[in-house]
Amino acid sequence: MRQLTDRQKDIAQFISSYIQRNNYAPAVRDIANHFNFSVKAAHDHLRALEAKEVIRTTGGISRSIEIIGQEFSPYDNLVDVPVIGSIAAGKPLMSEENTEYMLSLPTTMLNGGRSTFFALKVRGESMIEEGIYDGDIAIMKKCEVAETGDIVAATVGELDEGITLKGFYPKGANIELRPANASMGSIITRSCTIHGKLHMLIRNYA
């Protein structure tokens with residue numbers, strides 16, 4: 001890690017302390033307000049910290065700042081959770097082709113190791129009546145079976161048909177994957193592959 005200026009150290013420590021208090025990263029405006037400078041100046045400082053390998057950010061995603069410099073780490077133990085994007089044709093769910101980025105979470109938020117969890121970025125409004133909205137990050141605990149009413153990540157048919165987040169309701173020989181939106185219909189199938197069930201949500205309010 002290259003030498004930091006005093007101001008860069010202050011900003012890195014602020015980000016670390018903010019994450020410790022809130023379990024999520026500050027927005028750029030939070031940093032600007034705390035240090036009483038412009039949003040552009042905050043962006044410039046973040047770019048400098050990223051160039052010096054103190055932080056990592058994900059473009060286009062608010063509150064995506066991650067501390068990667070050990071000196072400023074807000075937690076003793078972090079778990080890297082892969083955020084799964086569109087399913088690449090013919091590729092296993094957890095393959096690199098399907099991973100958009102890694103989300104670092106404290107072990108206190110998760111009841112297991114790295115291999116136990118993955119995450120999905122919610123797209124659409126099929127689960128809004130369960131309080132799950134477009135843009136949320138759904139943290140899923142890996143499993144192959146589920147109980148009636150669990151919210152699961154599942155695929156129907158081949159993996160390249162895509163993964164869906166729905167309520168799990170087996171009915172006799174059929175399985176109903178039920179949305180939580182009265183305007184949408186269920187998926188009825190005789191066979192589906194369950195990849196995980198909902199553990200927690202991360203939401204950006206910026």
# chains A, B, ... in the order shown; residues from 1 in each chain; ligands from 1

$ select_by_dssp --residues "chain A" --states "strand (DSSP E)" --output "PyMOL selection string"
chain A and resi 55-56+66-67+78-84+99-106+117-121+137-142+151-155+163-171+174-178+187-189+193-202

$ write_last_selection --atoms "C-alpha atoms" --output "PDB file, in the first residue's frame"
ATOM      1  CA  ILE A  55     -10.561   0.602  -0.938  1.00  0.00           C
ATOM      2  CA  ARG A  56     -12.412  -1.042  -3.808  1.00  0.00           C
ATOM      3  CA  GLU A  66     -15.078  -1.981   0.415  1.00  0.00           C
ATOM      4  CA  ILE A  67     -12.028  -1.638   2.633  1.00  0.00           C
ATOM      5  CA  LEU A  78     -15.036 -10.847   6.372  1.00  0.00           C
ATOM      6  CA  VAL A  79     -16.769 -13.265   4.032  1.00  0.00           C
ATOM      7  CA  ASP A  80     -16.658 -12.690   0.270  1.00  0.00           C
ATOM      8  CA  VAL A  81     -20.106 -13.485  -1.118  1.00  0.00           C
ATOM      9  CA  PRO A  82     -20.390 -13.793  -4.929  1.00  0.00           C
ATOM     10  CA  VAL A  83     -23.169 -11.690  -6.463  1.00  0.00           C
ATOM     11  CA  ILE A  84     -24.665 -13.767  -9.267  1.00  0.00           C
ATOM     12  CA  THR A  99     -20.352 -13.710 -10.898  1.00  0.00           C
ATOM     13  CA  GLU A 100     -20.779  -9.950 -11.346  1.00  0.00           C
ATOM     14  CA  TYR A 101     -18.710  -8.991  -8.299  1.00  0.00           C
ATOM     15  CA  MET A 102     -17.872 -10.067  -4.749  1.00  0.00           C
ATOM     16  CA  LEU A 103     -19.631  -8.543  -1.743  1.00  0.00           C
ATOM     17  CA  SER A 104     -17.632  -8.541   1.508  1.00  0.00           C
ATOM     18  CA  LEU A 105     -19.809  -9.059   4.577  1.00  0.00           C
ATOM     19  CA  PRO A 106     -18.876  -9.500   8.248  1.00  0.00           C
ATOM     20  CA  PHE A 117     -23.734 -18.127   0.735  1.00  0.00           C
ATOM     21  CA  PHE A 118     -24.255 -16.379  -2.581  1.00  0.00           C
ATOM     22  CA  ALA A 119     -26.197 -13.266  -3.533  1.00  0.00           C
ATOM     23  CA  LEU A 120     -28.627 -12.232  -6.251  1.00  0.00           C
ATOM     24  CA  LYS A 121     -29.389  -8.721  -7.433  1.00  0.00           C
ATOM     25  CA  ILE A 137     -29.371  -7.647  -2.951  1.00  0.00           C
ATOM     26  CA  ALA A 138     -30.777 -10.975  -1.748  1.00  0.00           C
ATOM     27  CA  ILE A 139     -28.270 -12.934   0.341  1.00  0.00           C
ATOM     28  CA  MET A 140     -29.053 -16.611  -0.161  1.00  0.00           C
ATOM     29  CA  LYS A 141     -27.958 -19.542   1.995  1.00  0.00           C
ATOM     30  CA  LYS A 142     -27.123 -22.512  -0.197  1.00  0.00           C
ATOM     31  CA  ILE A 151     -38.356 -17.855  -0.446  1.00  0.00           C
ATOM     32  CA  VAL A 152     -35.949 -19.689  -2.723  1.00  0.00           C
ATOM     33  CA  ALA A 153     -33.624 -19.120  -5.639  1.00  0.00           C
ATOM     34  CA  ALA A 154     -34.510 -21.782  -8.179  1.00  0.00           C
ATOM     35  CA  THR A 155     -34.153 -22.718 -11.819  1.00  0.00           C
ATOM     36  CA  ILE A 163     -32.720 -18.209 -11.953  1.00  0.00           C
ATOM     37  CA  THR A 164     -35.846 -16.933 -10.211  1.00  0.00           C
ATOM     38  CA  LEU A 165     -36.601 -15.748  -6.673  1.00  0.00           C
ATOM     39  CA  LYS A 166     -40.030 -17.008  -5.571  1.00  0.00           C
ATOM     40  CA  GLY A 167     -42.008 -18.575  -2.738  1.00  0.00           C
ATOM     41  CA  PHE A 168     -41.773 -22.376  -2.665  1.00  0.00           C
ATOM     42  CA  TYR A 169     -45.105 -24.249  -2.493  1.00  0.00           C
ATOM     43  CA  PRO A 170     -45.112 -27.979  -3.368  1.00  0.00           C
ATOM     44  CA  LYS A 171     -48.545 -29.345  -4.281  1.00  0.00           C
ATOM     45  CA  ASN A 174     -46.290 -30.240  -8.828  1.00  0.00           C
ATOM     46  CA  ILE A 175     -44.230 -27.386  -7.422  1.00  0.00           C
ATOM     47  CA  GLU A 176     -45.599 -23.849  -7.389  1.00  0.00           C
ATOM     48  CA  LEU A 177     -43.031 -21.065  -7.484  1.00  0.00           C
ATOM     49  CA  ARG A 178     -45.229 -18.234  -6.282  1.00  0.00           C
ATOM     50  CA  ILE A 187     -44.692 -20.880 -12.206  1.00  0.00           C
ATOM     51  CA  ILE A 188     -46.075 -24.432 -12.001  1.00  0.00           C
ATOM     52  CA  THR A 189     -43.581 -27.198 -12.662  1.00  0.00           C
ATOM     53  CA  THR A 193     -33.577 -27.065  -8.869  1.00  0.00           C
ATOM     54  CA  ILE A 194     -33.323 -25.180  -5.593  1.00  0.00           C
ATOM     55  CA  HIS A 195     -30.034 -23.340  -5.141  1.00  0.00           C
ATOM     56  CA  GLY A 196     -30.656 -21.507  -1.883  1.00  0.00           C
ATOM     57  CA  LYS A 197     -33.173 -19.834   0.403  1.00  0.00           C
ATOM     58  CA  LEU A 198     -33.349 -16.221   1.499  1.00  0.00           C
ATOM     59  CA  HIS A 199     -31.141 -15.344   4.469  1.00  0.00           C
ATOM     60  CA  MET A 200     -31.242 -11.532   4.428  1.00  0.00           C
ATOM     61  CA  LEU A 201     -31.645  -8.474   2.198  1.00  0.00           C
ATOM     62  CA  ILE A 202     -29.351  -5.541   1.563  1.00  0.00           C
TER      63      ILE A 202
END

$ residues_around --residues "stretch 31-48 of chain A" --least-positions-apart "6" --cutoff "10 Å" --atoms "only C-alpha atoms" --output "list in words"
Leu4, Arg7, Gln8, Asp10, Ile11, Ala12, Phe14, Ile15, Tyr18, Val54, Ile55, Arg56, Thr57 and Ile65 of chain A

$ write_last_selection --atoms "N, CA and C atoms" --output "mmCIF file, in the first residue's frame"
data_model
loop_
_atom_site.group_PDB
_atom_site.id
_atom_site.type_symbol
_atom_site.label_atom_id
_atom_site.label_comp_id
_atom_site.auth_asym_id
_atom_site.auth_seq_id
_atom_site.Cartn_x
_atom_site.Cartn_y
_atom_site.Cartn_z
ATOM 1 N N LEU A 4 -0.113 7.233 2.369
ATOM 2 C CA LEU A 4 -1.321 8.044 2.323
ATOM 3 C C LEU A 4 -1.058 9.423 2.910
ATOM 4 N N ARG A 7 -5.138 13.462 5.127
ATOM 5 C CA ARG A 7 -6.564 13.519 4.789
ATOM 6 C C ARG A 7 -7.061 12.166 4.292
ATOM 7 N N GLN A 8 -6.276 11.482 3.473
ATOM 8 C CA GLN A 8 -6.675 10.162 2.981
ATOM 9 C C GLN A 8 -6.801 9.168 4.133
ATOM 10 N N ASP A 10 -7.630 9.971 7.190
ATOM 11 C CA ASP A 10 -8.855 10.348 7.898
ATOM 12 C C ASP A 10 -10.086 9.797 7.190
ATOM 13 N N ILE A 11 -10.100 9.883 5.859
ATOM 14 C CA ILE A 11 -11.252 9.404 5.088
ATOM 15 C C ILE A 11 -11.352 7.885 5.184
ATOM 16 N N ALA A 12 -10.221 7.192 5.075
ATOM 17 C CA ALA A 12 -10.231 5.730 5.187
ATOM 18 C C ALA A 12 -10.737 5.301 6.562
ATOM 19 N N PHE A 14 -12.719 7.070 8.513
ATOM 20 C CA PHE A 14 -14.150 7.384 8.572
ATOM 21 C C PHE A 14 -14.974 6.288 7.910
ATOM 22 N N ILE A 15 -14.545 5.834 6.729
ATOM 23 C CA ILE A 15 -15.265 4.774 6.022
ATOM 24 C C ILE A 15 -15.306 3.510 6.881
ATOM 25 N N TYR A 18 -17.662 4.007 9.822
ATOM 26 C CA TYR A 18 -19.054 4.039 9.342
ATOM 27 C C TYR A 18 -19.557 2.618 9.109
ATOM 28 N N VAL A 54 -6.415 0.890 -0.960
ATOM 29 C CA VAL A 54 -7.004 0.938 0.375
ATOM 30 C C VAL A 54 -8.468 0.521 0.318
ATOM 31 N N ILE A 55 -9.151 0.930 -0.758
ATOM 32 C CA ILE A 55 -10.561 0.602 -0.938
ATOM 33 C C ILE A 55 -10.772 0.012 -2.322
ATOM 34 N N ARG A 56 -11.963 -0.570 -2.497
ATOM 35 C CA ARG A 56 -12.412 -1.042 -3.808
ATOM 36 C C ARG A 56 -13.860 -0.605 -3.963
ATOM 37 N N THR A 57 -14.219 -0.114 -5.133
ATOM 38 C CA THR A 57 -15.595 0.281 -5.402
ATOM 39 C C THR A 57 -16.112 -0.446 -6.633
ATOM 40 N N ILE A 65 -18.435 0.821 -1.459
ATOM 41 C CA ILE A 65 -17.053 0.936 -1.009
ATOM 42 C C ILE A 65 -16.697 -0.242 -0.107
#

$ closest_residue --among "A:Leu49, A:Ile61, A:Ile68, A:Ile128" --to "A:Asp6" --atoms "only C-alpha atoms"
A:Leu49

$ select_by_dssp --residues "stretch 6-180 of chain A" --states "helix (DSSP H, G or I)" --output "VMD selection string"
chain A and resid 6 to 22 28 to 35 39 to 51 70 to 72 96 to 98 107 to 109 114 to 116 128 to 130 159 to 161

$ write_last_selection --atoms "C-alpha atoms" --output "JSON list (two decimals), in the first residue's frame"
[["chain", "number", "residue", "atom", "x", "y", "z"],
["A", 6, "ASP", "CA", -3.23, 12.68, 6.42],
["A", 7, "ARG", "CA", -6.56, 13.52, 4.79],
["A", 8, "GLN", "CA", -6.67, 10.16, 2.98],
["A", 9, "LYS", "CA", -6.02, 8.39, 6.29],
["A", 10, "ASP", "CA", -8.85, 10.35, 7.90],
["A", 11, "ILE", "CA", -11.25, 9.40, 5.09],
["A", 12, "ALA", "CA", -10.23, 5.73, 5.19],
["A", 13, "GLN", "CA", -10.77, 5.67, 8.95],
["A", 14, "PHE", "CA", -14.15, 7.38, 8.57],
["A", 15, "ILE", "CA", -15.26, 4.77, 6.02],
["A", 16, "SER", "CA", -14.09, 1.97, 8.32],
["A", 17, "SER", "CA", -15.88, 3.44, 11.37],
["A", 18, "TYR", "CA", -19.05, 4.04, 9.34],
["A", 19, "ILE", "CA", -19.12, 0.40, 8.21],
["A", 20, "GLN", "CA", -18.57, -0.78, 11.80],
["A", 21, "ARG", "CA", -21.54, 1.28, 13.02],
["A", 22, "ASN", "CA", -23.97, 0.59, 10.19],
["A", 28, "VAL", "CA", -20.12, 9.61, -1.38],
["A", 29, "ARG", "CA", -22.36, 12.39, -0.08],
["A", 30, "ASP", "CA", -21.96, 11.07, 3.49],
["A", 31, "ILE", "CA", -18.19, 11.47, 3.13],
["A", 32, "ALA", "CA", -18.53, 14.93, 1.59],
["A", 33, "ASN", "CA", -20.86, 16.09, 4.37],
["A", 34, "HIS", "CA", -18.67, 14.70, 7.15],
["A", 35, "PHE", "CA", -15.54, 16.46, 5.89],
["A", 39, "VAL", "CA", -19.08, 15.59, -3.71],
["A", 40, "LYS", "CA", -16.51, 15.95, -6.51],
["A", 41, "ALA", "CA", -13.73, 16.30, -3.94],
["A", 42, "ALA", "CA", -15.03, 13.18, -2.18],
["A", 43, "HIS", "CA", -14.94, 11.28, -5.48],
["A", 44, "ASP", "CA", -11.36, 12.45, -6.07],
["A", 45, "HIS", "CA", -10.26, 11.23, -2.64],
["A", 46, "LEU", "CA", -11.97, 7.87, -3.20],
["A", 47, "ARG", "CA", -10.21, 7.45, -6.55],
["A", 48, "ALA", "CA", -6.90, 8.16, -4.83],
["A", 49, "LEU", "CA", -7.64, 5.61, -2.09],
["A", 50, "GLU", "CA", -8.61, 3.05, -4.71],
["A", 51, "ALA", "CA", -5.39, 3.69, -6.66],
["A", 70, "GLN", "CA", -5.76, -4.36, 6.22],
["A", 71, "GLU", "CA", -4.76, -1.33, 8.31],
["A", 72, "PHE", "CA", -8.28, 0.08, 8.03],
["A", 96, "GLU", "CA", -16.95, -17.07, -12.73],
["A", 97, "GLU", "CA", -19.01, -16.35, -15.83],
["A", 98, "ASN", "CA", -22.06, -15.76, -13.63],
["A", 107, "THR", "CA", -19.19, -13.01, 9.60],
["A", 108, "THR", "CA", -21.49, -11.64, 12.30],
["A", 109, "MET", "CA", -24.14, -11.20, 9.61],
["A", 114, "ARG", "CA", -17.79, -18.37, 2.29],
["A", 115, "SER", "CA", -19.00, -21.47, 0.47],
["A", 116, "THR", "CA", -22.37, -21.35, 2.25],
["A", 128, "ILE", "CA", -42.77, -6.68, -3.63],
["A", 129, "GLU", "CA", -45.51, -7.93, -1.27],
["A", 130, "GLU", "CA", -42.74, -9.62, 0.74],
["A", 159, "LEU", "CA", -29.71, -23.66, -16.01],
["A", 160, "ASP", "CA", -29.53, -21.36, -19.04],
["A", 161, "GLU", "CA", -33.24, -20.56, -18.61]]

$ decode --residues "stretch 25-149 of chain A" --atoms "C-alpha atoms" --output "PDB file, in the first residue's frame"
ATOM      1  CA  ALA A  25     -20.616   1.609   3.491  1.00  0.00           C
ATOM      2  CA  PRO A  26     -21.159   5.369   3.411  1.00  0.00           C
ATOM      3  CA  ALA A  27     -22.412   7.073   0.268  1.00  0.00           C
ATOM      4  CA  VAL A  28     -20.123   9.610  -1.383  1.00  0.00           C
ATOM      5  CA  ARG A  29     -22.363  12.392  -0.075  1.00  0.00           C
ATOM      6  CA  ASP A  30     -21.956  11.075   3.491  1.00  0.00           C
ATOM      7  CA  ILE A  31     -18.193  11.468   3.127  1.00  0.00           C
ATOM      8  CA  ALA A  32     -18.533  14.933   1.593  1.00  0.00           C
ATOM      9  CA  ASN A  33     -20.864  16.095   4.374  1.00  0.00           C
ATOM     10  CA  HIS A  34     -18.667  14.697   7.146  1.00  0.00           C
ATOM     11  CA  PHE A  35     -15.537  16.464   5.888  1.00  0.00           C
ATOM     12  CA  ASN A  36     -17.399  19.552   4.646  1.00  0.00           C
ATOM     13  CA  PHE A  37     -16.180  19.400   1.076  1.00  0.00           C
ATOM     14  CA  SER A  38     -17.837  18.892  -2.310  1.00  0.00           C
ATOM     15  CA  VAL A  39     -19.082  15.590  -3.711  1.00  0.00           C
ATOM     16  CA  LYS A  40     -16.509  15.948  -6.505  1.00  0.00           C
ATOM     17  CA  ALA A  41     -13.725  16.298  -3.938  1.00  0.00           C
ATOM     18  CA  ALA A  42     -15.031  13.183  -2.176  1.00  0.00           C
ATOM     19  CA  HIS A  43     -14.938  11.282  -5.483  1.00  0.00           C
ATOM     20  CA  ASP A  44     -11.364  12.448  -6.072  1.00  0.00           C
ATOM     21  CA  HIS A  45     -10.258  11.231  -2.643  1.00  0.00           C
ATOM     22  CA  LEU A  46     -11.971   7.869  -3.201  1.00  0.00           C
ATOM     23  CA  ARG A  47     -10.207   7.453  -6.550  1.00  0.00           C
ATOM     24  CA  ALA A  48      -6.897   8.160  -4.828  1.00  0.00           C
ATOM     25  CA  LEU A  49      -7.639   5.614  -2.095  1.00  0.00           C
ATOM     26  CA  GLU A  50      -8.609   3.048  -4.712  1.00  0.00           C
ATOM     27  CA  ALA A  51      -5.388   3.693  -6.661  1.00  0.00           C
ATOM     28  CA  LYS A  52      -3.437   3.115  -3.434  1.00  0.00           C
ATOM     29  CA  GLU A  53      -5.326  -0.168  -2.847  1.00  0.00           C
ATOM     30  CA  VAL A  54      -7.004   0.938   0.375  1.00  0.00           C
ATOM     31  CA  ILE A  55     -10.561   0.602  -0.938  1.00  0.00           C
ATOM     32  CA  ARG A  56     -12.412  -1.042  -3.808  1.00  0.00           C
ATOM     33  CA  THR A  57     -15.595   0.281  -5.402  1.00  0.00           C
ATOM     34  CA  THR A  58     -18.080  -1.141  -7.892  1.00  0.00           C
ATOM     35  CA  GLY A  59     -18.995   1.314 -10.631  1.00  0.00           C
ATOM     36  CA  GLY A  60     -22.634   2.404 -10.784  1.00  0.00           C
ATOM     37  CA  ILE A  61     -23.521   0.935  -7.372  1.00  0.00           C
ATOM     38  CA  SER A  62     -23.970   3.310  -4.461  1.00  0.00           C
ATOM     39  CA  ARG A  63     -22.491   2.371  -1.078  1.00  0.00           C
ATOM     40  CA  SER A  64     -20.255  -0.208  -2.745  1.00  0.00           C
ATOM     41  CA  ILE A  65     -17.053   0.936  -1.009  1.00  0.00           C
ATOM     42  CA  GLU A  66     -15.078  -1.981   0.415  1.00  0.00           C
ATOM     43  CA  ILE A  67     -12.028  -1.638   2.633  1.00  0.00           C
ATOM     44  CA  ILE A  68      -9.246  -3.852   1.267  1.00  0.00           C
ATOM     45  CA  GLY A  69      -6.335  -2.245   3.112  1.00  0.00           C
ATOM     46  CA  GLN A  70      -5.757  -4.364   6.221  1.00  0.00           C
ATOM     47  CA  GLU A  71      -4.761  -1.325   8.307  1.00  0.00           C
ATOM     48  CA  PHE A  72      -8.282   0.083   8.033  1.00  0.00           C
ATOM     49  CA  SER A  73     -10.289  -3.143   8.037  1.00  0.00           C
ATOM     50  CA  PRO A  74     -13.543  -2.585   9.970  1.00  0.00           C
ATOM     51  CA  TYR A  75     -13.894  -6.284  10.832  1.00  0.00           C
ATOM     52  CA  ASP A  76     -11.643  -9.054  12.009  1.00  0.00           C
ATOM     53  CA  ASN A  77     -13.374 -11.530   9.697  1.00  0.00           C
ATOM     54  CA  LEU A  78     -15.036 -10.847   6.372  1.00  0.00           C
ATOM     55  CA  VAL A  79     -16.769 -13.265   4.032  1.00  0.00           C
ATOM     56  CA  ASP A  80     -16.658 -12.690   0.270  1.00  0.00           C
ATOM     57  CA  VAL A  81     -20.106 -13.485  -1.118  1.00  0.00           C
ATOM     58  CA  PRO A  82     -20.390 -13.793  -4.929  1.00  0.00           C
ATOM     59  CA  VAL A  83     -23.169 -11.690  -6.463  1.00  0.00           C
ATOM     60  CA  ILE A  84     -24.665 -13.767  -9.267  1.00  0.00           C
ATOM     61  CA  GLY A  85     -25.791 -12.063 -12.451  1.00  0.00           C
ATOM     62  CA  SER A  86     -27.402 -13.548 -15.537  1.00  0.00           C
ATOM     63  CA  ILE A  87     -26.877 -17.279 -15.840  1.00  0.00           C
ATOM     64  CA  ALA A  88     -24.379 -18.046 -18.600  1.00  0.00           C
ATOM     65  CA  ALA A  89     -25.618 -20.782 -20.938  1.00  0.00           C
ATOM     66  CA  GLY A  90     -24.345 -24.199 -19.947  1.00  0.00           C
ATOM     67  CA  LYS A  91     -22.332 -22.875 -16.981  1.00  0.00           C
ATOM     68  CA  PRO A  92     -22.750 -23.918 -13.331  1.00  0.00           C
ATOM     69  CA  LEU A  93     -24.529 -21.386 -11.119  1.00  0.00           C
ATOM     70  CA  MET A  94     -21.422 -20.423  -9.133  1.00  0.00           C
ATOM     71  CA  SER A  95     -19.036 -20.193 -12.090  1.00  0.00           C
ATOM     72  CA  GLU A  96     -16.952 -17.073 -12.726  1.00  0.00           C
ATOM     73  CA  GLU A  97     -19.013 -16.350 -15.835  1.00  0.00           C
ATOM     74  CA  ASN A  98     -22.057 -15.758 -13.633  1.00  0.00           C
ATOM     75  CA  THR A  99     -20.352 -13.710 -10.898  1.00  0.00           C
ATOM     76  CA  GLU A 100     -20.779  -9.950 -11.346  1.00  0.00           C
ATOM     77  CA  TYR A 101     -18.710  -8.991  -8.299  1.00  0.00           C
ATOM     78  CA  MET A 102     -17.872 -10.067  -4.749  1.00  0.00           C
ATOM     79  CA  LEU A 103     -19.631  -8.543  -1.743  1.00  0.00           C
ATOM     80  CA  SER A 104     -17.632  -8.541   1.508  1.00  0.00           C
ATOM     81  CA  LEU A 105     -19.809  -9.059   4.577  1.00  0.00           C
ATOM     82  CA  PRO A 106     -18.876  -9.500   8.248  1.00  0.00           C
ATOM     83  CA  THR A 107     -19.192 -13.009   9.596  1.00  0.00           C
ATOM     84  CA  THR A 108     -21.487 -11.637  12.301  1.00  0.00           C
ATOM     85  CA  MET A 109     -24.142 -11.195   9.605  1.00  0.00           C
ATOM     86  CA  LEU A 110     -23.761 -14.747   8.295  1.00  0.00           C
ATOM     87  CA  ASN A 111     -24.034 -18.103   9.992  1.00  0.00           C
ATOM     88  CA  GLY A 112     -21.532 -19.970   7.913  1.00  0.00           C
ATOM     89  CA  GLY A 113     -18.461 -19.777   5.723  1.00  0.00           C
ATOM     90  CA  ARG A 114     -17.790 -18.372   2.295  1.00  0.00           C
ATOM     91  CA  SER A 115     -19.002 -21.471   0.465  1.00  0.00           C
ATOM     92  CA  THR A 116     -22.368 -21.350   2.251  1.00  0.00           C
ATOM     93  CA  PHE A 117     -23.734 -18.127   0.735  1.00  0.00           C
ATOM     94  CA  PHE A 118     -24.255 -16.379  -2.581  1.00  0.00           C
ATOM     95  CA  ALA A 119     -26.197 -13.266  -3.533  1.00  0.00           C
ATOM     96  CA  LEU A 120     -28.627 -12.232  -6.251  1.00  0.00           C
ATOM     97  CA  LYS A 121     -29.389  -8.721  -7.433  1.00  0.00           C
ATOM     98  CA  VAL A 122     -33.199  -8.528  -7.509  1.00  0.00           C
ATOM     99  CA  ARG A 123     -34.657  -7.529 -10.846  1.00  0.00           C
ATOM    100  CA  GLY A 124     -38.331  -6.672 -11.253  1.00  0.00           C
ATOM    101  CA  GLU A 125     -41.270  -6.499  -8.872  1.00  0.00           C
ATOM    102  CA  SER A 126     -42.390 -10.100  -8.501  1.00  0.00           C
ATOM    103  CA  MET A 127     -41.716 -10.174  -4.713  1.00  0.00           C
ATOM    104  CA  ILE A 128     -42.770  -6.676  -3.626  1.00  0.00           C
ATOM    105  CA  GLU A 129     -45.505  -7.925  -1.271  1.00  0.00           C
ATOM    106  CA  GLU A 130     -42.744  -9.622   0.739  1.00  0.00           C
ATOM    107  CA  GLY A 131     -40.875  -6.321   0.896  1.00  0.00           C
ATOM    108  CA  ILE A 132     -38.332  -7.375  -1.738  1.00  0.00           C
ATOM    109  CA  TYR A 133     -37.788  -4.662  -4.343  1.00  0.00           C
ATOM    110  CA  ASP A 134     -35.987  -4.127  -7.627  1.00  0.00           C
ATOM    111  CA  GLY A 135     -32.309  -3.410  -6.927  1.00  0.00           C
ATOM    112  CA  ASP A 136     -32.188  -5.183  -3.562  1.00  0.00           C
ATOM    113  CA  ILE A 137     -29.371  -7.647  -2.951  1.00  0.00           C
ATOM    114  CA  ALA A 138     -30.777 -10.975  -1.748  1.00  0.00           C
ATOM    115  CA  ILE A 139     -28.270 -12.934   0.341  1.00  0.00           C
ATOM    116  CA  MET A 140     -29.053 -16.611  -0.161  1.00  0.00           C
ATOM    117  CA  LYS A 141     -27.958 -19.542   1.995  1.00  0.00           C
ATOM    118  CA  LYS A 142     -27.123 -22.512  -0.197  1.00  0.00           C
ATOM    119  CA  CYS A 143     -29.442 -25.496   0.067  1.00  0.00           C
ATOM    120  CA  GLU A 144     -31.020 -28.130  -2.147  1.00  0.00           C
ATOM    121  CA  VAL A 145     -34.319 -28.565  -0.297  1.00  0.00           C
ATOM    122  CA  ALA A 146     -36.829 -26.118   1.119  1.00  0.00           C
ATOM    123  CA  GLU A 147     -39.970 -26.045   3.215  1.00  0.00           C
ATOM    124  CA  THR A 148     -43.365 -24.724   2.161  1.00  0.00           C
ATOM    125  CA  GLY A 149     -43.352 -20.941   2.166  1.00  0.00           C
TER     126      GLY A 149
END
